[in-house]
file input31.txt (compact mmCIF, C-alpha atoms)
# COMPACT_ATOMS: atom_id res chain seq x y z
CA MET A 1 5.93 -30.10 15.91
CA LYS A 2 8.90 -30.30 13.60
CA LYS A 3 11.87 -29.45 15.78
CA ARG A 4 14.54 -29.24 13.14
CA GLU A 5 12.49 -26.89 10.97
CA LEU A 6 11.64 -24.68 13.94
CA LYS A 7 15.29 -24.43 14.92
CA ALA A 8 16.39 -23.54 11.39
CA ALA A 9 13.63 -20.93 11.10
CA PHE A 10 14.49 -19.39 14.47
CA LYS A 11 18.12 -18.97 13.53
CA VAL A 12 17.24 -17.20 10.30
CA SER A 13 14.62 -14.99 11.99
CA ILE A 14 16.93 -13.43 14.60
CA PRO A 15 17.71 -10.23 12.64
CA VAL A 16 13.97 -9.67 12.12
CA MET A 17 13.30 -10.24 15.82
CA MET A 18 15.21 -7.14 16.82
CA GLY A 19 13.57 -4.95 14.17
CA TYR A 20 10.01 -6.15 14.70
CA ILE A 21 10.09 -5.92 18.48
CA VAL A 22 11.41 -2.35 18.35
CA LEU A 23 9.07 -1.14 15.57
CA GLY A 24 6.11 -3.04 17.04
CA PHE A 25 6.90 -1.38 20.37
CA ALA A 26 6.89 2.05 18.70
CA PHE A 27 3.55 1.26 17.06
CA GLY A 28 1.91 0.12 20.30
CA LEU A 29 3.29 3.12 22.14
CA LEU A 30 2.11 5.59 19.50
CA LEU A 31 -1.39 4.13 19.31
CA VAL A 32 -2.01 4.30 23.06
CA SER A 33 -0.50 7.81 23.16
CA PHE A 34 -3.64 8.89 21.24
CA ASN A 35 -5.76 7.29 23.99
CA TYR A 36 -6.83 4.20 22.07
CA PRO A 37 -7.04 1.04 24.19
CA TRP A 38 -4.11 -1.40 24.08
CA TYR A 39 -6.16 -4.24 22.57
CA ILE A 40 -6.79 -2.20 19.41
CA ALA A 41 -3.01 -2.31 18.85
CA LEU A 42 -3.00 -6.05 19.47
CA LEU A 43 -5.93 -6.72 17.10
CA MET A 44 -4.21 -4.72 14.38
CA SER A 45 -0.92 -6.56 14.71
CA ILE A 46 -2.68 -9.92 14.59
CA PHE A 47 -5.04 -9.22 11.70
CA ILE A 48 -3.56 -6.46 9.57
CA TYR A 49 0.12 -7.27 10.19
CA ALA A 50 1.62 -4.60 7.94
CA GLY A 51 3.93 -2.09 9.60
CA ALA A 52 3.58 1.03 7.47
CA LEU A 53 -0.18 0.62 7.12
CA GLN A 54 -0.70 0.17 10.86
CA PHE A 55 1.21 3.36 11.61
CA LEU A 56 -0.80 5.21 8.96
CA ALA A 57 -4.03 3.80 10.37
CA ILE A 58 -3.56 5.82 13.54
CA GLY A 59 -3.83 8.96 11.40
CA PHE A 60 -6.89 7.54 9.62
CA PHE A 61 -8.62 6.94 12.96
CA ASN A 62 -7.77 10.43 14.22
CA ALA A 63 -9.02 12.11 11.03
CA LYS A 64 -12.05 9.79 10.76
CA VAL A 65 -11.18 8.93 7.16
CA GLY A 66 -13.97 7.12 5.25
CA LEU A 67 -13.82 3.37 4.65
CA VAL A 68 -13.54 3.60 0.86
CA ASP A 69 -10.61 5.99 1.14
CA ILE A 70 -9.02 3.68 3.71
CA ALA A 71 -9.41 0.71 1.36
CA ILE A 72 -7.85 2.52 -1.62
CA ALA A 73 -5.02 3.96 0.47
CA SER A 74 -4.31 0.54 2.04
CA ILE A 75 -4.04 -1.11 -1.37
CA PHE A 76 -1.79 1.62 -2.77
CA VAL A 77 0.45 1.72 0.30
CA ASN A 78 1.00 -2.02 0.13
CA ILE A 79 0.86 -2.52 -3.63
CA ARG A 80 4.55 -3.48 -3.59
CA GLN A 81 3.52 -6.68 -1.82
CA SER A 82 1.57 -7.75 -4.89
CA PHE A 83 4.87 -8.10 -6.66
CA TYR A 84 6.56 -10.08 -3.91
CA GLY A 85 4.20 -12.97 -4.42
CA LEU A 86 5.36 -13.34 -8.01
CA SER A 87 8.79 -14.50 -6.91
CA VAL A 88 7.53 -16.96 -4.30
CA LEU A 89 4.74 -18.54 -6.38
CA LYS A 90 6.89 -21.61 -6.98
CA LYS A 91 8.18 -21.87 -3.42
CA PHE A 92 4.65 -21.89 -2.03
CA LYS A 93 3.26 -24.34 -4.57
CA LYS A 94 3.44 -27.45 -2.41
CA THR A 95 2.58 -25.89 0.92
CA LYS A 96 -1.07 -26.99 0.90
CA LYS A 97 -2.94 -26.11 4.11
CA LEU A 98 -0.22 -23.73 5.27
CA LYS A 99 -0.43 -21.63 2.11
CA PRO A 100 -3.11 -19.14 3.24
CA TYR A 101 -1.09 -18.21 6.30
CA LEU A 102 2.16 -17.99 4.33
CA ILE A 103 0.49 -15.56 1.93
CA PHE A 104 -1.12 -13.58 4.74
CA ALA A 105 2.19 -13.23 6.57
CA LEU A 106 4.30 -12.23 3.57
CA THR A 107 5.75 -8.96 4.90
CA ASP A 108 8.77 -7.12 3.45
CA GLU A 109 11.13 -8.81 5.89
CA THR A 110 9.71 -12.33 5.62
CA TYR A 111 9.83 -12.02 1.85
CA GLY A 112 13.41 -10.82 2.09
CA LEU A 113 14.42 -13.85 4.16
CA LEU A 114 12.50 -16.35 2.04
CA THR A 115 14.11 -15.17 -1.17
CA THR A 116 17.69 -14.71 0.02
CA ILE A 117 18.47 -17.42 2.58
CA LYS A 118 19.85 -20.68 1.22
CA GLU A 119 17.74 -23.59 2.40
CA ASP A 120 19.00 -26.77 3.93
CA PRO A 121 17.80 -29.52 1.53
CA GLN A 122 17.36 -31.91 4.49
CA ILE A 123 14.46 -30.01 6.03
CA ASN A 124 10.77 -29.99 5.22
CA HIS A 125 10.39 -26.64 3.46
CA LYS A 126 6.71 -26.27 4.05
CA TYR A 127 7.13 -26.24 7.84
CA TYR A 128 10.30 -24.18 7.65
CA TYR A 129 8.45 -21.39 5.77
CA PHE A 130 5.56 -21.65 8.19
CA TYR A 131 7.68 -21.36 11.34
CA LEU A 132 9.68 -18.52 9.86
CA SER A 133 6.50 -16.57 9.04
CA LEU A 134 4.93 -17.35 12.39
CA LEU A 135 8.03 -16.40 14.38
CA ASN A 136 8.29 -13.09 12.56
CA GLN A 137 4.66 -12.26 13.28
CA SER A 138 5.05 -13.27 16.92
CA TYR A 139 7.92 -10.76 17.28
CA TRP A 140 5.70 -8.06 15.80
CA VAL A 141 2.83 -8.93 18.12
CA LEU A 142 5.13 -9.15 21.14
CA GLY A 143 6.63 -5.73 20.40
CA THR A 144 3.15 -4.27 19.96
CA ILE A 145 1.91 -5.60 23.30
CA LEU A 146 5.01 -4.39 25.14
CA GLY A 147 4.72 -0.92 23.58
CA ALA A 148 1.00 -0.64 24.26
CA ILE A 149 1.38 -1.76 27.89
CA PHE A 150 4.38 0.48 28.46
CA GLY A 151 2.48 3.43 26.97
CA SER A 152 -0.60 2.73 29.10
CA PHE A 153 1.27 2.62 32.40
CA VAL A 154 4.29 4.84 32.04
CA ASP A 155 3.52 8.51 31.72
CA PHE A 156 5.99 10.52 29.69
CA ASN A 157 5.88 13.28 27.13
CA THR A 158 5.23 11.62 23.77
CA LYS A 159 4.99 14.89 21.86
CA GLY A 160 6.70 14.40 18.51
CA LEU A 161 6.67 10.59 18.72
CA ASP A 162 4.55 10.47 15.57
CA PHE A 163 7.62 11.58 13.63
CA SER A 164 8.60 7.89 13.76
CA LEU A 165 6.11 7.45 10.90
CA THR A 166 7.79 10.15 8.80
CA ALA A 167 11.18 8.61 9.59
CA LEU A 168 9.89 5.17 8.57
CA PHE A 169 8.85 6.47 5.15
CA VAL A 170 12.11 8.36 4.68
CA VAL A 171 13.93 5.07 5.24
CA LEU A 172 11.58 3.13 2.95
CA ALA A 173 11.95 5.75 0.19
CA ILE A 174 15.75 5.52 0.37
CA GLU A 175 15.51 1.72 0.21
CA GLN A 176 13.27 2.06 -2.86
CA TYR A 177 15.86 4.29 -4.50
CA LYS A 178 18.52 1.65 -3.91
CA THR A 179 16.55 -1.02 -5.82
CA ASN A 180 16.01 1.06 -8.95
CA LYS A 181 18.14 4.14 -9.14
CA ASN A 182 15.78 6.46 -10.97
CA TYR A 183 14.84 9.82 -9.52
CA ILE A 184 11.79 10.49 -11.73
CA PRO A 185 9.23 8.63 -9.52
CA PHE A 186 10.45 10.70 -6.55
CA LEU A 187 10.16 13.90 -8.58
CA ILE A 188 6.62 13.06 -9.71
CA ALA A 189 5.62 12.27 -6.13
CA THR A 190 7.17 15.47 -4.77
CA ILE A 191 5.36 17.64 -7.32
CA THR A 192 1.94 16.01 -6.86
CA SER A 193 2.33 16.05 -3.06
CA ILE A 194 3.23 19.72 -2.90
CA ILE A 195 0.30 20.61 -5.18
CA ALA A 196 -1.96 18.48 -2.98
CA LEU A 197 -0.63 20.03 0.24
CA ILE A 198 -1.42 23.51 -1.08
CA PHE A 199 -4.78 22.93 -2.76
CA ILE A 200 -6.35 19.81 -1.26
CA PRO A 201 -7.58 19.38 2.34
CA PRO A 202 -5.36 16.96 4.34
CA SER A 203 -8.09 14.28 4.48
CA ASN A 204 -8.09 13.87 0.67
CA MET A 205 -4.46 14.69 0.08
CA LEU A 206 -3.23 11.11 0.14
CA ILE A 207 -5.64 9.65 -2.41
CA PHE A 208 -5.32 12.71 -4.65
CA SER A 209 -1.53 12.56 -4.84
CA MET A 210 -1.46 8.79 -5.31
CA ILE A 211 -3.89 8.85 -8.22
CA CYS A 212 -2.20 11.85 -9.87
CA SER A 213 1.18 10.18 -9.53
CA LEU A 214 -0.12 6.95 -11.03
CA ILE A 215 -1.50 8.88 -14.01
CA ALA A 216 1.78 10.80 -14.37
CA LEU A 217 3.77 7.55 -14.22
CA LEU A 218 1.65 6.08 -17.02
CA ILE A 219 2.01 9.24 -19.13
CA PHE A 220 5.80 9.23 -18.74
CA LYS A 221 6.15 5.47 -19.20
CA LYS A 222 8.24 5.73 -22.37
CA ASN A 223 10.62 8.33 -20.91
CA LEU A 224 11.14 6.38 -17.71
CA GLU A 225 11.80 3.06 -19.34
CA SER A 226 14.26 4.45 -21.87
CA LYS A 227 16.33 5.88 -18.99
CA ASN A 228 16.79 2.50 -17.48
CA VAL A 229 18.25 0.63 -20.42
CA MET B 230 -15.20 2.96 18.41
CA SER B 231 -17.20 0.75 16.05
CA ASP B 232 -15.80 2.83 13.19
CA ILE B 233 -12.34 1.73 14.25
CA TYR B 234 -13.29 -1.94 14.18
CA LEU B 235 -14.75 -1.50 10.70
CA ALA B 236 -11.60 0.31 9.59
CA ILE B 237 -9.48 -2.57 10.94
CA ILE B 238 -11.56 -5.09 8.98
CA VAL B 239 -11.23 -3.02 5.79
CA MET B 240 -7.47 -2.71 6.22
CA THR B 241 -7.13 -6.41 6.99
CA LEU B 242 -8.96 -7.31 3.78
CA ALA B 243 -7.22 -4.70 1.63
CA ASN B 244 -3.80 -5.71 2.92
CA PHE B 245 -4.51 -9.41 2.41
CA PHE B 246 -5.73 -8.63 -1.08
CA THR B 247 -2.36 -7.07 -1.99
CA ARG B 248 -0.60 -10.20 -0.71
CA VAL B 249 -2.88 -12.77 -2.33
CA PHE B 250 -3.20 -10.91 -5.65
CA PRO B 251 -0.39 -12.67 -7.59
CA PHE B 252 -1.54 -16.08 -6.30
CA LEU B 253 -5.02 -15.40 -7.66
CA PHE B 254 -4.09 -14.01 -11.06
CA PHE B 255 -0.59 -15.00 -12.05
CA THR B 256 -0.20 -18.65 -11.19
CA HIS B 257 -0.58 -19.57 -14.85
CA LYS B 258 0.28 -16.43 -16.77
CA GLU B 259 2.81 -13.60 -16.65
CA PRO B 260 1.66 -10.11 -15.61
CA SER B 261 1.45 -7.53 -18.41
CA GLU B 262 4.24 -5.05 -19.20
CA THR B 263 2.23 -2.15 -17.77
CA LEU B 264 1.63 -4.01 -14.53
CA LYS B 265 5.32 -4.82 -14.19
CA TYR B 266 6.10 -1.17 -14.87
CA ILE B 267 3.72 -0.06 -12.12
CA GLY B 268 5.23 -2.63 -9.77
CA LYS B 269 8.65 -1.16 -10.36
CA TYR B 270 7.98 2.59 -10.23
CA PHE B 271 4.80 3.05 -8.18
CA PRO B 272 6.24 1.97 -4.78
CA PRO B 273 8.96 4.68 -4.69
CA THR B 274 6.28 7.24 -5.59
CA ILE B 275 4.03 6.01 -2.79
CA MET B 276 6.79 6.16 -0.16
CA THR B 277 7.61 9.75 -1.14
CA ILE B 278 3.96 10.79 -1.04
CA LEU B 279 3.65 9.24 2.42
CA ILE B 280 6.52 11.41 3.70
CA PHE B 281 4.55 14.49 2.62
CA TYR B 282 1.29 13.06 3.90
CA THR B 283 2.71 12.69 7.41
CA LEU B 284 3.56 16.41 7.23
CA ALA B 285 0.07 17.47 6.09
CA ASN B 286 -0.72 19.13 9.41
CA VAL B 287 2.55 21.04 9.68
CA ASP B 288 2.15 24.78 9.16
CA PHE B 289 4.73 25.91 6.63
CA THR B 290 3.45 29.49 6.51
CA THR B 291 4.34 30.68 10.02
CA THR B 292 7.55 30.43 12.07
CA PRO B 293 9.39 28.10 12.28
CA TYR B 294 8.10 27.25 8.74
CA GLY B 295 8.41 23.51 9.20
CA THR B 296 12.17 23.75 9.68
CA LYS B 297 12.07 21.28 12.61
CA GLU B 298 10.44 18.64 10.43
CA ILE B 299 12.68 19.29 7.43
CA LEU B 300 15.83 19.22 9.56
CA SER B 301 14.76 15.95 11.22
CA ILE B 302 14.05 14.41 7.82
CA PHE B 303 17.56 15.32 6.67
CA ILE B 304 19.08 13.86 9.85
CA THR B 305 17.10 10.62 9.36
CA ALA B 306 18.10 10.39 5.69
CA PHE B 307 21.74 11.16 6.48
CA LEU B 308 21.86 8.49 9.20
CA HIS B 309 20.27 5.96 6.89
CA ILE B 310 22.63 6.62 4.01
CA ARG B 311 25.61 6.66 6.38
CA PHE B 312 24.85 3.62 8.60
CA ASN B 313 22.30 1.72 6.54
CA ASN B 314 20.49 0.48 9.64
CA TYR B 315 16.79 1.31 9.68
CA LEU B 316 16.44 1.06 13.45
CA VAL B 317 19.26 3.54 14.03
CA SER B 318 17.79 5.95 11.46
CA ILE B 319 14.20 5.79 12.75
CA ILE B 320 15.00 5.88 16.47
CA CYS B 321 17.62 8.65 16.28
CA GLY B 322 15.59 10.70 13.79
CA THR B 323 12.50 10.52 16.01
CA LEU B 324 14.39 11.29 19.22
CA PHE B 325 16.02 14.26 17.52
CA TYR B 326 12.61 15.58 16.46
CA MET B 327 11.11 15.02 19.93
CA LEU B 328 13.97 16.93 21.52
CA LEU B 329 13.54 19.82 19.05
CA LEU B 330 9.81 19.94 19.69
CA GLN B 331 9.86 19.61 23.45
CA TYR B 332 12.88 21.70 24.41
CA LEU B 333 13.08 24.41 21.78
call {"tool": "encode", "arguments": {"input": "input31.txt", "output": "structure tokens"}}
result
Amino acid sequence: MKKRELKAAFKVSIPVMMGYIVLGFAFGLLLVSFNYPWYIALLMSIFIYAGALQFLAIGFFNAKVGLVDIAIASIFVNIRQSFYGLSVLKKFKKTKKLKPYLIFALTDETYGLLTTIKEDPQINHKYYYFYLSLLNQSYWVLGTILGAIFGSFVDFNTKGLDFSLTALFVVLAIEQYKTNKNYIPFLIATITSIIALIFIPPSNMLIFSMICSLIALLIFKKNLESKNV
Amino acid sequence: MSDIYLAIIVMTLANFFTRVFPFLFFTHKEPSETLKYIGKYFPPTIMTILIFYTLANVDFTTTPYGTKEILSIFITAFLHIRFNNYLVSIICGTLFYMLLLQYL
């Protein structure tokens, strides 16, 4: 146990604590509101550990979406994470045995902290990264358990609670707009989604719109890039 | 139930794949221009599609024509642009929608 590293990591993780406990709680609550057992929520928060995907998964379970579709959708939904790793390649270079966990636990928020917080040169970075990642996941798991237990024992009208998923994506879309202020990706997505909503059954709508949007993005590559100079 | 366990395994692997991807392929070389381009513009597309996807079961052809959902989305977006706090936006947006749905 490296006390100094744990203390430093805890201090930095406090803003994430609040967010993860509340969102984890909402996830646990939503999952049990569809009559799934509490431990399914727990398993998901331990092994998947990806907020947006876990919320979406509830819909996949309900609609009995096929495994191949789930795999493709999961990769597309979290494809942004593939680009996080690029900026922490160096940081993680000397982390040895801890590296697999650090990669596994690289969520939006952990990535945000790792890349923005100034590090104390006195501490052992490897353990600092590890504690930070582990603390963040423990908040997520704690929130999930609390939500799932609360939902299992307290009976209240949860009708409309699934809007939390819509709200989550509204927030994430706005955040995406802030990082590169270009409306064309949003326009492409809106057009393909509306076409899909009208012509494609809901179970295939997601994959259809994602693939069409990817093709459209590649077709309009020149136009999009020239706008951003 | 066993379908759910399988689905959890698939999502665990797929999600880990997206996180480990750069460590597998780009430790020694830079990603291509096209890949960087996708990394920049695909995520906003995905988030927008997901908003629509969560509304896939809403009936826009009969009253109230999805107005409750659309109104709640605007409230959520407004709160987020105004206060820039994702917990405030998500919690208030959801509560607003639940109130509309349950009491109107």
call {"tool": "closest_residue", "arguments": {"input": "input31.txt", "among": "B:Lys297, B:Lys269, B:Ile310, B:Glu262", "to": "B:Leu333", "atoms": "all atoms listed in the file"}}
result
B:Lys297
call {"tool": "closest_residue", "arguments": {"input": "input31.txt", "among": "A:Cys212, A:Val141, A:Ile184, A:Ala63", "to": "B:Ala285", "atoms": "only C-alpha atoms"}}
result
A:Ala63
call {"tool": "residues_around", "arguments": {"input": "input31.txt", "residues": "B:Ala243", "least_positions_apart": "6", "cutoff": "12 Å", "atoms": "all atoms listed in the file", "output": "mmCIF file with C-alpha atoms, in the coordinates of the input"}}
result
data_model
loop_
_atom_site.group_PDB
_atom_site.id
_atom_site.type_symbol
_atom_site.label_atom_id
_atom_site.label_comp_id
_atom_site.auth_asym_id
_atom_site.auth_seq_id
_atom_site.Cartn_x
_atom_site.Cartn_y
_atom_site.Cartn_z
ATOM 1 C CA PHE A 47 -5.040 -9.220 11.700
ATOM 2 C CA ILE A 48 -3.560 -6.460 9.570
ATOM 3 C CA TYR A 49 0.120 -7.270 10.190
ATOM 4 C CA ALA A 50 1.620 -4.600 7.940
ATOM 5 C CA LEU A 53 -0.180 0.620 7.120
ATOM 6 C CA LEU A 67 -13.820 3.370 4.650
ATOM 7 C CA VAL A 68 -13.540 3.600 0.860
ATOM 8 C CA ASP A 69 -10.610 5.990 1.140
ATOM 9 C CA ILE A 70 -9.020 3.680 3.710
ATOM 10 C CA ALA A 71 -9.410 0.710 1.360
ATOM 11 C CA ILE A 72 -7.850 2.520 -1.620
ATOM 12 C CA ALA A 73 -5.020 3.960 0.470
ATOM 13 C CA SER A 74 -4.310 0.540 2.040
ATOM 14 C CA ILE A 75 -4.040 -1.110 -1.370
ATOM 15 C CA PHE A 76 -1.790 1.620 -2.770
ATOM 16 C CA VAL A 77 0.450 1.720 0.300
ATOM 17 C CA ASN A 78 1.000 -2.020 0.130
ATOM 18 C CA ILE A 79 0.860 -2.520 -3.630
ATOM 19 C CA GLN A 81 3.520 -6.680 -1.820
ATOM 20 C CA SER A 82 1.570 -7.750 -4.890
ATOM 21 C CA PHE A 104 -1.120 -13.580 4.740
ATOM 22 C CA ALA B 236 -11.600 0.310 9.590
ATOM 23 C CA ILE B 237 -9.480 -2.570 10.940
ATOM 24 C CA VAL B 249 -2.880 -12.770 -2.330
ATOM 25 C CA PHE B 250 -3.200 -10.910 -5.650
#
call {"tool": "residues_around", "arguments": {"input": "input31.txt", "residues": "A:Tyr139", "least_positions_apart": "3", "cutoff": "10 Å", "atoms": "only C-alpha atoms", "output": "list in words"}}
result
Ser13, Ile14, Val16, Met17, Met18, Gly19, Tyr20, Ile21, Val22, Leu23, Gly24, Phe25, Leu134, Leu135, Asn136, Leu142, Gly143, Thr144 and Ile145 of chain A
call {"tool": "interface_residues", "arguments": {"input": "input31.txt", "of": "chain A", "to": "chain B", "cutoff": "7 Å", "atoms": "all atoms listed in the file", "output": "ChimeraX atom specification"}}
result
/A:19,44,47-48,61,67,71,74-75,77-83,85-86,89,103-104,106,159-161,163-164,166-173,176-177,185-186,189-190,193,197,202,206,209-210,214
call {"tool": "atom_distance", "arguments": {"input": "input31.txt", "atom1": "atom CA of A:Ser133", "atom2": "atom CA of A:Ser152"}}
result
28.7 Å
call {"tool": "axis_aligned_box", "arguments": {"input": "input31.txt", "around": "stretch 111-128 of chain A", "padding_each_side": "3 Å", "output": "lines of an AutoDock Vina configuration file"}}
result
center_x = 13.3
center_y = -21.4
center_z = 3.3
size_x = 19.1
size_y = 27.1
size_z = 15.0
call {"tool": "atom_distance", "arguments": {"input": "input31.txt", "atom1": "atom CA of A:Ile198", "atom2": "atom CA of A:Asn223"}}
result
27.7 Å
call {"tool": "atom_distance", "arguments": {"input": "input31.txt", "atom1": "atom CA of A:Glu175", "atom2": "atom CA of A:Tyr101"}}
result
26.6 Å
call {"tool": "closest_residue", "arguments": {"input": "input31.txt", "among": "A:Ala41, A:Ile123, A:Ala9, A:Leu224", "to": "A:Leu29", "atoms": "only C-alpha atoms"}}
result
A:Ala41
call {"tool": "decode", "arguments": {"input": "input31.txt", "residues": "stretch 255-275 of chain B", "atoms": "N, CA and C atoms", "output": "PDB file, in the first residue's frame"}}
result
ATOM      1  N   PHE B 255      -0.728   1.277 -32.100  1.00  0.00           N
ATOM      2  CA  PHE B 255      -0.045   2.546 -32.343  1.00  0.00           C
ATOM      3  C   PHE B 255       1.059   2.883 -31.354  1.00  0.00           C
ATOM      4  N   THR B 256       1.647   1.846 -30.773  1.00  0.00           N
ATOM      5  CA  THR B 256       2.752   2.106 -29.859  1.00  0.00           C
ATOM      6  C   THR B 256       3.974   2.572 -30.638  1.00  0.00           C
ATOM      7  N   HIS B 257       4.097   2.060 -31.874  1.00  0.00           N
ATOM      8  CA  HIS B 257       5.298   2.391 -32.646  1.00  0.00           C
ATOM      9  C   HIS B 257       5.034   3.229 -33.885  1.00  0.00           C
ATOM     10  N   LYS B 258       3.784   3.340 -34.293  1.00  0.00           N
ATOM     11  CA  LYS B 258       3.515   4.190 -35.457  1.00  0.00           C
ATOM     12  C   LYS B 258       2.271   5.056 -35.246  1.00  0.00           C
ATOM     13  N   GLU B 259       2.213   6.140 -35.995  1.00  0.00           N
ATOM     14  CA  GLU B 259       1.097   7.073 -35.938  1.00  0.00           C
ATOM     15  C   GLU B 259      -0.116   6.513 -36.670  1.00  0.00           C
ATOM     16  N   PRO B 260      -1.338   6.766 -36.180  1.00  0.00           N
ATOM     17  CA  PRO B 260      -2.512   6.345 -36.946  1.00  0.00           C
ATOM     18  C   PRO B 260      -2.645   7.146 -38.247  1.00  0.00           C
ATOM     19  N   SER B 261      -3.302   6.556 -39.241  1.00  0.00           N
ATOM     20  CA  SER B 261      -3.430   7.208 -40.546  1.00  0.00           C
ATOM     21  C   SER B 261      -4.334   8.438 -40.462  1.00  0.00           C
ATOM     22  N   GLU B 262      -4.275   9.267 -41.501  1.00  0.00           N
ATOM     23  CA  GLU B 262      -5.098  10.482 -41.569  1.00  0.00           C
ATOM     24  C   GLU B 262      -6.584  10.141 -41.462  1.00  0.00           C
ATOM     25  N   THR B 263      -6.998   9.121 -42.211  1.00  0.00           N
ATOM     26  CA  THR B 263      -8.407   8.734 -42.225  1.00  0.00           C
ATOM     27  C   THR B 263      -8.867   8.317 -40.831  1.00  0.00           C
ATOM     28  N   LEU B 264      -8.020   7.575 -40.140  1.00  0.00           N
ATOM     29  CA  LEU B 264      -8.376   7.121 -38.803  1.00  0.00           C
ATOM     30  C   LEU B 264      -8.509   8.296 -37.840  1.00  0.00           C
ATOM     31  N   LYS B 265      -7.593   9.252 -37.969  1.00  0.00           N
ATOM     32  CA  LYS B 265      -7.660  10.447 -37.122  1.00  0.00           C
ATOM     33  C   LYS B 265      -8.937  11.227 -37.413  1.00  0.00           C
ATOM     34  N   TYR B 266      -9.273  11.279 -38.705  1.00  0.00           N
ATOM     35  CA  TYR B 266     -10.485  11.972 -39.136  1.00  0.00           C
ATOM     36  C   TYR B 266     -11.718  11.317 -38.509  1.00  0.00           C
ATOM     37  N   ILE B 267     -11.770   9.990 -38.554  1.00  0.00           N
ATOM     38  CA  ILE B 267     -12.895   9.269 -37.962  1.00  0.00           C
ATOM     39  C   ILE B 267     -12.950   9.525 -36.447  1.00  0.00           C
ATOM     40  N   GLY B 268     -11.778   9.527 -35.830  1.00  0.00           N
ATOM     41  CA  GLY B 268     -11.709   9.762 -34.391  1.00  0.00           C
ATOM     42  C   GLY B 268     -12.241  11.122 -34.000  1.00  0.00           C
ATOM     43  N   LYS B 269     -12.127  12.069 -34.903  1.00  0.00           N
ATOM     44  CA  LYS B 269     -12.560  13.420 -34.606  1.00  0.00           C
ATOM     45  C   LYS B 269     -14.057  13.614 -34.870  1.00  0.00           C
ATOM     46  N   TYR B 270     -14.549  13.087 -35.982  1.00  0.00           N
ATOM     47  CA  TYR B 270     -15.926  13.392 -36.378  1.00  0.00           C
ATOM     48  C   TYR B 270     -16.947  12.271 -36.158  1.00  0.00           C
ATOM     49  N   PHE B 271     -16.494  11.043 -35.931  1.00  0.00           N
ATOM     50  CA  PHE B 271     -17.467   9.970 -35.728  1.00  0.00           C
ATOM     51  C   PHE B 271     -18.149  10.061 -34.348  1.00  0.00           C
ATOM     52  N   PRO B 272     -17.410  10.341 -33.271  1.00  0.00           N
ATOM     53  CA  PRO B 272     -18.085  10.414 -31.960  1.00  0.00           C
ATOM     54  C   PRO B 272     -19.273  11.386 -31.884  1.00  0.00           C
ATOM     55  N   PRO B 273     -19.181  12.625 -32.424  1.00  0.00           N
ATOM     56  CA  PRO B 273     -20.384  13.466 -32.358  1.00  0.00           C
ATOM     57  C   PRO B 273     -21.559  12.874 -33.136  1.00  0.00           C
ATOM     58  N   THR B 274     -21.256  12.190 -34.238  1.00  0.00           N
ATOM     59  CA  THR B 274     -22.311  11.536 -35.018  1.00  0.00           C
ATOM     60  C   THR B 274     -22.993  10.457 -34.178  1.00  0.00           C
ATOM     61  N   ILE B 275     -22.161   9.645 -33.521  1.00  0.00           N
ATOM     62  CA  ILE B 275     -22.687   8.547 -32.712  1.00  0.00           C
ATOM     63  C   ILE B 275     -23.609   9.072 -31.600  1.00  0.00           C
TER      64      ILE B 275
END
